[in-house]
Amino acid sequence: QVQLVESGGDFVQAGGSLKLSCRASGSIFGFSAMHWYRQAPGLQRELVASISRDDSTSYQDSVKGRFTISKDNAKNTMYLEMNSLKPDDTAVYICCADLGWGQIDYWGRGTQVIVSS
């Protein structure tokens, strides 16, 4: 059972930057894709960005041009670099991974990001 642990969440002013990390307890090479979700209070969890095994990436429209997802297979770690942060980006950011069977197989517990106006 692989465990995913997020870090890097913090309190930041609007316009600032943060870099989140998601470290796996085992190899991430076998994952079909890894993803960052976020959940703000009172709202549904939403997909923010994804990265596939071959490093193809996709983003939610609201973060395109501001967020960058990446991973380092050697370090078993995925990242989310967030720039030009807005108060609407305030949420718990959760990493997850799937093995390619149409479902999320592993979830982290999340890291809190708070963006003040």
# chains A, B, ... in the order shown; residues from 1 in each chain; ligands from 1
>>> residues_around(residues="Asp72 in chain A", least_positions_apart="3", cutoff="12 Å", atoms="only C-alpha atoms", output="mmCIF file with C-alpha atoms, in the first residue's frame")
data_model
loop_
_atom_site.group_PDB
_atom_site.id
_atom_site.type_symbol
_atom_site.label_atom_id
_atom_site.label_comp_id
_atom_site.auth_asym_id
_atom_site.auth_seq_id
_atom_site.Cartn_x
_atom_site.Cartn_y
_atom_site.Cartn_z
ATOM 1 C CA SER A 21 5.114 18.522 -2.720
ATOM 2 C CA CYS A 22 3.552 15.066 -2.652
ATOM 3 C CA ARG A 23 5.935 12.336 -1.619
ATOM 4 C CA ALA A 24 5.089 8.673 -2.123
ATOM 5 C CA SER A 27 7.894 4.154 -6.496
ATOM 6 C CA ILE A 28 5.618 6.425 -8.515
ATOM 7 C CA PHE A 29 6.802 4.984 -11.803
ATOM 8 C CA MET A 34 -0.947 11.615 -10.564
ATOM 9 C CA ILE A 51 0.423 14.550 -14.919
ATOM 10 C CA ARG A 53 3.413 8.633 -16.696
ATOM 11 C CA ASP A 54 4.893 10.194 -19.839
ATOM 12 C CA ASP A 55 4.766 13.663 -18.228
ATOM 13 C CA ILE A 69 2.581 20.336 -12.147
ATOM 14 C CA LYS A 75 12.541 11.144 -5.649
ATOM 15 C CA ASN A 76 9.066 9.566 -5.820
ATOM 16 C CA THR A 77 7.656 13.062 -5.553
ATOM 17 C CA MET A 78 5.128 15.167 -7.410
ATOM 18 C CA TYR A 79 5.011 18.955 -7.225
ATOM 19 C CA LEU A 80 2.598 21.799 -7.782
#
>>> residues_around(residues="Leu18 in chain A", least_positions_apart="2", cutoff="9 Å", atoms="only C-alpha atoms", output="ChimeraX atom specification")
/A:8-10,12,16,20,80-83,85,113
>>> residues_around(residues="Ser58 in chain A", least_positions_apart="4", cutoff="10 Å", atoms="only C-alpha atoms", output="ChimeraX atom specification")
/A:35,47-52,64,68-69
>>> select_by_dssp(residues="chain A", states="strand (DSSP E or B)", output="mmCIF file with N, CA and C atoms, in the first residue's frame")
data_model
loop_
_atom_site.group_PDB
_atom_site.id
_atom_site.type_symbol
_atom_site.label_atom_id
_atom_site.label_comp_id
_atom_site.auth_asym_id
_atom_site.auth_seq_id
_atom_site.Cartn_x
_atom_site.Cartn_y
_atom_site.Cartn_z
ATOM 1 N N LEU A 4 0.752 8.565 0.337
ATOM 2 C CA LEU A 4 1.086 9.854 -0.249
ATOM 3 C C LEU A 4 1.009 10.915 0.842
ATOM 4 N N VAL A 5 2.050 11.717 0.945
ATOM 5 C CA VAL A 5 2.099 12.742 1.984
ATOM 6 C C VAL A 5 2.413 14.093 1.343
ATOM 7 N N GLU A 6 1.487 15.033 1.531
ATOM 8 C CA GLU A 6 1.660 16.367 0.974
ATOM 9 C C GLU A 6 2.377 17.282 1.973
ATOM 10 N N SER A 7 3.029 18.291 1.440
ATOM 11 C CA SER A 7 3.649 19.322 2.270
ATOM 12 C C SER A 7 3.755 20.607 1.458
ATOM 13 N N PHE A 11 0.237 30.020 4.563
ATOM 14 C CA PHE A 11 -0.547 31.244 4.465
ATOM 15 C C PHE A 11 0.263 32.217 3.622
ATOM 16 N N VAL A 12 -0.362 32.773 2.577
ATOM 17 C CA VAL A 12 0.368 33.650 1.669
ATOM 18 C C VAL A 12 -0.551 34.770 1.214
ATOM 19 N N GLN A 13 0.034 35.909 0.892
ATOM 20 C CA GLN A 13 -0.764 37.019 0.384
ATOM 21 C C GLN A 13 -1.059 36.848 -1.094
ATOM 22 N N LEU A 18 3.665 29.548 -3.948
ATOM 23 C CA LEU A 18 3.938 28.391 -3.095
ATOM 24 C C LEU A 18 4.291 27.219 -3.983
ATOM 25 N N LYS A 19 5.061 26.281 -3.420
ATOM 26 C CA LYS A 19 5.331 25.040 -4.128
ATOM 27 C C LYS A 19 4.961 23.886 -3.211
ATOM 28 N N LEU A 20 3.985 23.111 -3.643
ATOM 29 C CA LEU A 20 3.533 21.950 -2.890
ATOM 30 C C LEU A 20 4.289 20.705 -3.342
ATOM 31 N N SER A 21 4.482 19.799 -2.410
ATOM 32 C CA SER A 21 5.114 18.522 -2.720
ATOM 33 C C SER A 21 4.206 17.381 -2.287
ATOM 34 N N CYS A 22 4.286 16.293 -2.992
ATOM 35 C CA CYS A 22 3.552 15.066 -2.652
ATOM 36 C C CYS A 22 4.548 13.922 -2.767
ATOM 37 N N ARG A 23 4.935 13.395 -1.616
ATOM 38 C CA ARG A 23 5.935 12.336 -1.619
ATOM 39 C C ARG A 23 5.271 10.987 -1.397
ATOM 40 N N ALA A 24 5.636 10.024 -2.232
ATOM 41 C CA ALA A 24 5.089 8.673 -2.123
ATOM 42 C C ALA A 24 6.033 7.786 -1.319
ATOM 43 N N ALA A 33 -1.146 7.934 -13.709
ATOM 44 C CA ALA A 33 -1.185 9.390 -13.601
ATOM 45 C C ALA A 33 -1.231 9.787 -12.134
ATOM 46 N N MET A 34 -0.814 11.014 -11.892
ATOM 47 C CA MET A 34 -0.947 11.615 -10.564
ATOM 48 C C MET A 34 -1.686 12.934 -10.719
ATOM 49 N N HIS A 35 -2.356 13.334 -9.647
ATOM 50 C CA HIS A 35 -3.245 14.488 -9.743
ATOM 51 C C HIS A 35 -3.168 15.330 -8.473
ATOM 52 N N TRP A 36 -3.472 16.584 -8.647
ATOM 53 C CA TRP A 36 -3.732 17.475 -7.521
ATOM 54 C C TRP A 36 -5.211 17.866 -7.563
ATOM 55 N N TYR A 37 -5.895 17.625 -6.471
ATOM 56 C CA TYR A 37 -7.249 18.109 -6.266
ATOM 57 C C TYR A 37 -7.191 19.198 -5.191
ATOM 58 N N ARG A 38 -8.271 19.955 -5.084
ATOM 59 C CA ARG A 38 -8.402 20.892 -3.973
ATOM 60 C C ARG A 38 -9.855 20.937 -3.520
ATOM 61 N N GLN A 39 -10.019 21.247 -2.245
ATOM 62 C CA GLN A 39 -11.363 21.364 -1.684
ATOM 63 C C GLN A 39 -11.415 22.564 -0.772
ATOM 64 N N GLU A 46 -12.362 19.512 -6.356
ATOM 65 C CA GLU A 46 -12.192 19.729 -7.787
ATOM 66 C C GLU A 46 -10.771 19.390 -8.233
ATOM 67 N N LEU A 47 -10.691 18.907 -9.467
ATOM 68 C CA LEU A 47 -9.406 18.548 -10.046
ATOM 69 C C LEU A 47 -8.690 19.811 -10.488
ATOM 70 N N VAL A 48 -7.449 19.955 -10.067
ATOM 71 C CA VAL A 48 -6.661 21.141 -10.396
ATOM 72 C C VAL A 48 -5.704 20.862 -11.546
ATOM 73 N N ALA A 49 -4.952 19.766 -11.445
ATOM 74 C CA ALA A 49 -3.940 19.465 -12.453
ATOM 75 C C ALA A 49 -3.618 17.982 -12.413
ATOM 76 N N SER A 50 -3.170 17.477 -13.559
ATOM 77 C CA SER A 50 -2.807 16.075 -13.674
ATOM 78 C C SER A 50 -1.518 15.940 -14.462
ATOM 79 N N ILE A 51 -0.785 14.869 -14.157
ATOM 80 C CA ILE A 51 0.423 14.550 -14.919
ATOM 81 C C ILE A 51 0.456 13.047 -15.138
ATOM 82 N N SER A 52 0.686 12.659 -16.372
ATOM 83 C CA SER A 52 0.668 11.238 -16.703
ATOM 84 C C SER A 52 2.067 10.647 -16.594
ATOM 85 N N THR A 57 0.680 16.848 -19.267
ATOM 86 C CA THR A 57 0.006 17.574 -18.192
ATOM 87 C C THR A 57 -1.314 18.171 -18.669
ATOM 88 N N SER A 58 -2.198 18.398 -17.720
ATOM 89 C CA SER A 58 -3.450 19.092 -17.994
ATOM 90 C C SER A 58 -3.823 19.901 -16.771
ATOM 91 N N TYR A 59 -4.584 20.980 -16.998
ATOM 92 C CA TYR A 59 -4.910 21.913 -15.922
ATOM 93 C C TYR A 59 -6.360 22.357 -15.994
ATOM 94 N N PHE A 67 -0.236 27.805 -12.488
ATOM 95 C CA PHE A 67 0.216 26.603 -11.777
ATOM 96 C C PHE A 67 0.993 25.695 -12.734
ATOM 97 N N THR A 68 1.982 25.007 -12.189
ATOM 98 C CA THR A 68 2.751 24.039 -12.969
ATOM 99 C C THR A 68 2.887 22.746 -12.173
ATOM 100 N N ILE A 69 2.450 21.639 -12.779
ATOM 101 C CA ILE A 69 2.581 20.336 -12.147
ATOM 102 C C ILE A 69 3.801 19.635 -12.718
ATOM 103 N N SER A 70 4.516 18.925 -11.883
ATOM 104 C CA SER A 70 5.698 18.198 -12.328
ATOM 105 C C SER A 70 5.932 17.025 -11.390
ATOM 106 N N LYS A 71 6.847 16.156 -11.757
ATOM 107 C CA LYS A 71 7.194 15.048 -10.870
ATOM 108 C C LYS A 71 8.641 14.653 -11.084
ATOM 109 N N ASP A 72 9.194 14.037 -10.063
ATOM 110 C CA ASP A 72 10.560 13.535 -10.091
ATOM 111 C C ASP A 72 10.499 12.064 -9.709
ATOM 112 N N THR A 77 8.327 11.849 -6.003
ATOM 113 C CA THR A 77 7.656 13.062 -5.553
ATOM 114 C C THR A 77 7.025 13.808 -6.725
ATOM 115 N N MET A 78 5.823 14.318 -6.463
ATOM 116 C CA MET A 78 5.128 15.167 -7.410
ATOM 117 C C MET A 78 5.058 16.567 -6.812
ATOM 118 N N TYR A 79 5.010 17.573 -7.686
ATOM 119 C CA TYR A 79 5.011 18.955 -7.225
ATOM 120 C C TYR A 79 3.868 19.742 -7.864
ATOM 121 N N LEU A 80 3.510 20.818 -7.192
ATOM 122 C CA LEU A 80 2.598 21.799 -7.782
ATOM 123 C C LEU A 80 3.142 23.174 -7.441
ATOM 124 N N GLU A 81 3.680 23.836 -8.448
ATOM 125 C CA GLU A 81 4.180 25.186 -8.265
ATOM 126 C C GLU A 81 3.049 26.146 -8.580
ATOM 127 N N MET A 82 2.754 27.011 -7.620
ATOM 128 C CA MET A 82 1.612 27.909 -7.742
ATOM 129 C C MET A 82 2.094 29.353 -7.670
ATOM 130 N N ALA A 91 -7.718 26.601 -0.234
ATOM 131 C CA ALA A 91 -8.311 25.269 -0.175
ATOM 132 C C ALA A 91 -7.321 24.313 0.471
ATOM 133 N N VAL A 92 -7.816 23.126 0.750
ATOM 134 C CA VAL A 92 -6.923 22.018 1.081
ATOM 135 C C VAL A 92 -6.545 21.348 -0.237
ATOM 136 N N TYR A 93 -5.262 21.221 -0.473
ATOM 137 C CA TYR A 93 -4.766 20.611 -1.712
ATOM 138 C C TYR A 93 -4.375 19.164 -1.415
ATOM 139 N N ILE A 94 -4.913 18.283 -2.238
ATOM 140 C CA ILE A 94 -4.796 16.847 -1.990
ATOM 141 C C ILE A 94 -4.175 16.179 -3.208
ATOM 142 N N CYS A 95 -3.161 15.369 -2.999
ATOM 143 C CA CYS A 95 -2.591 14.642 -4.127
ATOM 144 C C CYS A 95 -3.149 13.224 -4.167
ATOM 145 N N CYS A 96 -3.156 12.656 -5.345
ATOM 146 C CA CYS A 96 -3.658 11.307 -5.507
ATOM 147 C C CYS A 96 -3.024 10.672 -6.737
ATOM 148 N N ALA A 97 -3.228 9.381 -6.869
ATOM 149 C CA ALA A 97 -2.629 8.655 -7.980
ATOM 150 C C ALA A 97 -3.553 7.536 -8.429
ATOM 151 N N ASP A 98 -3.469 7.225 -9.697
ATOM 152 C CA ASP A 98 -4.257 6.101 -10.209
ATOM 153 C C ASP A 98 -3.362 5.162 -10.993
ATOM 154 N N TYR A 106 -4.967 5.876 -4.772
ATOM 155 C CA TYR A 106 -4.283 6.341 -3.574
ATOM 156 C C TYR A 106 -4.557 7.828 -3.371
ATOM 157 N N TRP A 107 -4.849 8.193 -2.116
ATOM 158 C CA TRP A 107 -5.111 9.579 -1.744
ATOM 159 C C TRP A 107 -4.178 10.002 -0.614
ATOM 160 N N THR A 111 -2.864 19.308 2.218
ATOM 161 C CA THR A 111 -2.098 20.381 2.841
ATOM 162 C C THR A 111 -2.863 21.683 2.610
ATOM 163 N N GLN A 112 -2.951 22.515 3.646
ATOM 164 C CA GLN A 112 -3.791 23.708 3.596
ATOM 165 C C GLN A 112 -3.058 24.877 2.954
ATOM 166 N N VAL A 113 -3.739 25.506 2.009
ATOM 167 C CA VAL A 113 -3.247 26.746 1.395
ATOM 168 C C VAL A 113 -4.263 27.843 1.686
ATOM 169 N N ILE A 114 -3.796 28.930 2.256
ATOM 170 C CA ILE A 114 -4.656 30.075 2.528
ATOM 171 C C ILE A 114 -4.056 31.300 1.862
ATOM 172 N N VAL A 115 -4.846 31.940 1.012
ATOM 173 C CA VAL A 115 -4.397 33.129 0.288
ATOM 174 C C VAL A 115 -5.218 34.314 0.773
ATOM 175 N N SER A 116 -4.555 35.287 1.342
ATOM 176 C CA SER A 116 -5.259 36.456 1.858
ATOM 177 C C SER A 116 -5.306 37.558 0.802
#
>>> select_by_dssp(residues="range 62-116 of chain A", states="helix (DSSP H, G or I)", output="list in words")
Ser62, Val63, Asn73, Ala74, Lys75, Pro87, Asp88 and Asp89 of chain A
>>> atom_distance(atom1="CA of Arg45 in chain A", atom2="CA of Ser25 in chain A")
24.0 Å
>>> closest_residue(among="A:Ile104, A:Asp88, A:Gln3, A:Ser62", to="Ala40 in chain A", atoms="only C-alpha atoms")
A:Asp88
>>> atom_distance(atom1="CA of Ala14 in chain A", atom2="CA of Ser56 in chain A")
28.7 Å
>>> closest_residue(among="A:Gln60, A:Asn73, A:Thr90, A:Ser117", to="Gly30 in chain A", atoms="only C-alpha atoms")
A:Asn73
>>> decode(residues="chain A", atoms="C-alpha atoms", output="PDB file, in the first residue's frame")
ATOM      1  CA  GLN A   1       0.000   0.000   0.000  1.00  0.00           C
ATOM      2  CA  VAL A   2       1.553   3.276  -1.134  1.00  0.00           C
ATOM      3  CA  GLN A   3       1.121   6.301   1.080  1.00  0.00           C
ATOM      4  CA  LEU A   4       1.086   9.854  -0.249  1.00  0.00           C
ATOM      5  CA  VAL A   5       2.099  12.742   1.984  1.00  0.00           C
ATOM      6  CA  GLU A   6       1.660  16.367   0.974  1.00  0.00           C
ATOM      7  CA  SER A   7       3.649  19.322   2.270  1.00  0.00           C
ATOM      8  CA  GLY A   8       4.272  22.957   1.461  1.00  0.00           C
ATOM      9  CA  GLY A   9       0.908  24.478   2.279  1.00  0.00           C
ATOM     10  CA  ASP A  10       1.050  27.857   3.967  1.00  0.00           C
ATOM     11  CA  PHE A  11      -0.547  31.244   4.465  1.00  0.00           C
ATOM     12  CA  VAL A  12       0.368  33.650   1.669  1.00  0.00           C
ATOM     13  CA  GLN A  13      -0.764  37.019   0.384  1.00  0.00           C
ATOM     14  CA  ALA A  14      -2.490  37.392  -2.954  1.00  0.00           C
ATOM     15  CA  GLY A  15       0.026  37.502  -5.760  1.00  0.00           C
ATOM     16  CA  GLY A  16       2.431  35.269  -3.882  1.00  0.00           C
ATOM     17  CA  SER A  17       3.782  31.828  -4.692  1.00  0.00           C
ATOM     18  CA  LEU A  18       3.938  28.391  -3.095  1.00  0.00           C
ATOM     19  CA  LYS A  19       5.331  25.040  -4.128  1.00  0.00           C
ATOM     20  CA  LEU A  20       3.533  21.950  -2.890  1.00  0.00           C
ATOM     21  CA  SER A  21       5.114  18.522  -2.720  1.00  0.00           C
ATOM     22  CA  CYS A  22       3.552  15.066  -2.652  1.00  0.00           C
ATOM     23  CA  ARG A  23       5.935  12.336  -1.619  1.00  0.00           C
ATOM     24  CA  ALA A  24       5.089   8.673  -2.123  1.00  0.00           C
ATOM     25  CA  SER A  25       6.261   5.925   0.204  1.00  0.00           C
ATOM     26  CA  GLY A  26       7.116   3.805  -2.824  1.00  0.00           C
ATOM     27  CA  SER A  27       7.894   4.154  -6.496  1.00  0.00           C
ATOM     28  CA  ILE A  28       5.618   6.425  -8.515  1.00  0.00           C
ATOM     29  CA  PHE A  29       6.802   4.984 -11.803  1.00  0.00           C
ATOM     30  CA  GLY A  30       3.950   2.490 -11.843  1.00  0.00           C
ATOM     31  CA  PHE A  31       1.249   5.129 -11.568  1.00  0.00           C
ATOM     32  CA  SER A  32      -0.671   5.824 -14.751  1.00  0.00           C
ATOM     33  CA  ALA A  33      -1.185   9.390 -13.601  1.00  0.00           C
ATOM     34  CA  MET A  34      -0.947  11.615 -10.564  1.00  0.00           C
ATOM     35  CA  HIS A  35      -3.245  14.488  -9.743  1.00  0.00           C
ATOM     36  CA  TRP A  36      -3.732  17.475  -7.521  1.00  0.00           C
ATOM     37  CA  TYR A  37      -7.249  18.109  -6.266  1.00  0.00           C
ATOM     38  CA  ARG A  38      -8.402  20.892  -3.973  1.00  0.00           C
ATOM     39  CA  GLN A  39     -11.363  21.364  -1.684  1.00  0.00           C
ATOM     40  CA  ALA A  40     -12.484  24.695  -0.320  1.00  0.00           C
ATOM     41  CA  PRO A  41     -14.881  24.939   2.639  1.00  0.00           C
ATOM     42  CA  GLY A  42     -18.453  24.209   1.572  1.00  0.00           C
ATOM     43  CA  LEU A  43     -17.448  23.314  -1.966  1.00  0.00           C
ATOM     44  CA  GLN A  44     -16.943  20.060  -3.820  1.00  0.00           C
ATOM     45  CA  ARG A  45     -13.507  18.649  -4.393  1.00  0.00           C
ATOM     46  CA  GLU A  46     -12.192  19.729  -7.787  1.00  0.00           C
ATOM     47  CA  LEU A  47      -9.406  18.548 -10.046  1.00  0.00           C
ATOM     48  CA  VAL A  48      -6.661  21.141 -10.396  1.00  0.00           C
ATOM     49  CA  ALA A  49      -3.940  19.465 -12.453  1.00  0.00           C
ATOM     50  CA  SER A  50      -2.807  16.075 -13.674  1.00  0.00           C
ATOM     51  CA  ILE A  51       0.423  14.550 -14.919  1.00  0.00           C
ATOM     52  CA  SER A  52       0.668  11.238 -16.703  1.00  0.00           C
ATOM     53  CA  ARG A  53       3.413   8.633 -16.696  1.00  0.00           C
ATOM     54  CA  ASP A  54       4.893  10.194 -19.839  1.00  0.00           C
ATOM     55  CA  ASP A  55       4.766  13.663 -18.228  1.00  0.00           C
ATOM     56  CA  SER A  56       1.821  14.942 -20.233  1.00  0.00           C
ATOM     57  CA  THR A  57       0.006  17.574 -18.192  1.00  0.00           C
ATOM     58  CA  SER A  58      -3.450  19.092 -17.994  1.00  0.00           C
ATOM     59  CA  TYR A  59      -4.910  21.913 -15.922  1.00  0.00           C
ATOM     60  CA  GLN A  60      -8.188  23.338 -14.768  1.00  0.00           C
ATOM     61  CA  ASP A  61      -8.881  26.521 -16.734  1.00  0.00           C
ATOM     62  CA  SER A  62      -8.736  28.735 -13.666  1.00  0.00           C
ATOM     63  CA  VAL A  63      -5.097  27.810 -12.948  1.00  0.00           C
ATOM     64  CA  LYS A  64      -3.682  27.645 -16.469  1.00  0.00           C
ATOM     65  CA  GLY A  65      -0.651  29.875 -16.796  1.00  0.00           C
ATOM     66  CA  ARG A  66      -0.293  30.177 -13.019  1.00  0.00           C
ATOM     67  CA  PHE A  67       0.216  26.603 -11.777  1.00  0.00           C
ATOM     68  CA  THR A  68       2.751  24.039 -12.969  1.00  0.00           C
ATOM     69  CA  ILE A  69       2.581  20.336 -12.147  1.00  0.00           C
ATOM     70  CA  SER A  70       5.698  18.198 -12.328  1.00  0.00           C
ATOM     71  CA  LYS A  71       7.194  15.048 -10.870  1.00  0.00           C
ATOM     72  CA  ASP A  72      10.560  13.535 -10.091  1.00  0.00           C
ATOM     73  CA  ASN A  73      10.465   9.765 -10.442  1.00  0.00           C
ATOM     74  CA  ALA A  74      13.846   9.373  -8.757  1.00  0.00           C
ATOM     75  CA  LYS A  75      12.541  11.144  -5.649  1.00  0.00           C
ATOM     76  CA  ASN A  76       9.066   9.566  -5.820  1.00  0.00           C
ATOM     77  CA  THR A  77       7.656  13.062  -5.553  1.00  0.00           C
ATOM     78  CA  MET A  78       5.128  15.167  -7.410  1.00  0.00           C
ATOM     79  CA  TYR A  79       5.011  18.955  -7.225  1.00  0.00           C
ATOM     80  CA  LEU A  80       2.598  21.799  -7.782  1.00  0.00           C
ATOM     81  CA  GLU A  81       4.180  25.186  -8.265  1.00  0.00           C
ATOM     82  CA  MET A  82       1.612  27.909  -7.742  1.00  0.00           C
ATOM     83  CA  ASN A  83       2.208  31.515  -8.788  1.00  0.00           C
ATOM     84  CA  SER A  84       0.047  34.644  -8.805  1.00  0.00           C
ATOM     85  CA  LEU A  85      -2.095  33.135  -6.089  1.00  0.00           C
ATOM     86  CA  LYS A  86      -5.609  34.463  -5.573  1.00  0.00           C
ATOM     87  CA  PRO A  87      -7.942  34.257  -2.562  1.00  0.00           C
ATOM     88  CA  ASP A  88     -10.078  31.832  -4.610  1.00  0.00           C
ATOM     89  CA  ASP A  89      -7.148  29.410  -4.539  1.00  0.00           C
ATOM     90  CA  THR A  90      -7.642  28.956  -0.798  1.00  0.00           C
ATOM     91  CA  ALA A  91      -8.311  25.269  -0.175  1.00  0.00           C
ATOM     92  CA  VAL A  92      -6.923  22.018   1.081  1.00  0.00           C
ATOM     93  CA  TYR A  93      -4.766  20.611  -1.712  1.00  0.00           C
ATOM     94  CA  ILE A  94      -4.796  16.847  -1.990  1.00  0.00           C
ATOM     95  CA  CYS A  95      -2.591  14.642  -4.127  1.00  0.00           C
ATOM     96  CA  CYS A  96      -3.658  11.307  -5.507  1.00  0.00           C
ATOM     97  CA  ALA A  97      -2.629   8.655  -7.980  1.00  0.00           C
ATOM     98  CA  ASP A  98      -4.257   6.101 -10.209  1.00  0.00           C
ATOM     99  CA  LEU A  99      -3.072   2.874 -11.729  1.00  0.00           C
ATOM    100  CA  GLY A 100      -5.004   3.339 -14.938  1.00  0.00           C
ATOM    101  CA  TRP A 101      -8.151   1.418 -14.044  1.00  0.00           C
ATOM    102  CA  GLY A 102     -10.521   4.370 -14.104  1.00  0.00           C
ATOM    103  CA  GLN A 103     -10.433   5.220 -10.428  1.00  0.00           C
ATOM    104  CA  ILE A 104      -8.204   6.953  -7.926  1.00  0.00           C
ATOM    105  CA  ASP A 105      -6.258   4.304  -6.075  1.00  0.00           C
ATOM    106  CA  TYR A 106      -4.283   6.341  -3.574  1.00  0.00           C
ATOM    107  CA  TRP A 107      -5.111   9.579  -1.744  1.00  0.00           C
ATOM    108  CA  GLY A 108      -3.074  11.836   0.469  1.00  0.00           C
ATOM    109  CA  ARG A 109      -4.541  13.723   3.397  1.00  0.00           C
ATOM    110  CA  GLY A 110      -3.966  17.194   2.048  1.00  0.00           C
ATOM    111  CA  THR A 111      -2.098  20.381   2.841  1.00  0.00           C
ATOM    112  CA  GLN A 112      -3.791  23.708   3.596  1.00  0.00           C
ATOM    113  CA  VAL A 113      -3.247  26.746   1.395  1.00  0.00           C
ATOM    114  CA  ILE A 114      -4.656  30.075   2.528  1.00  0.00           C
ATOM    115  CA  VAL A 115      -4.397  33.129   0.288  1.00  0.00           C
ATOM    116  CA  SER A 116      -5.259  36.456   1.858  1.00  0.00           C
ATOM    117  CA  SER A 117      -6.512  39.440  -0.109  1.00  0.00           C
TER     118      SER A 117
END
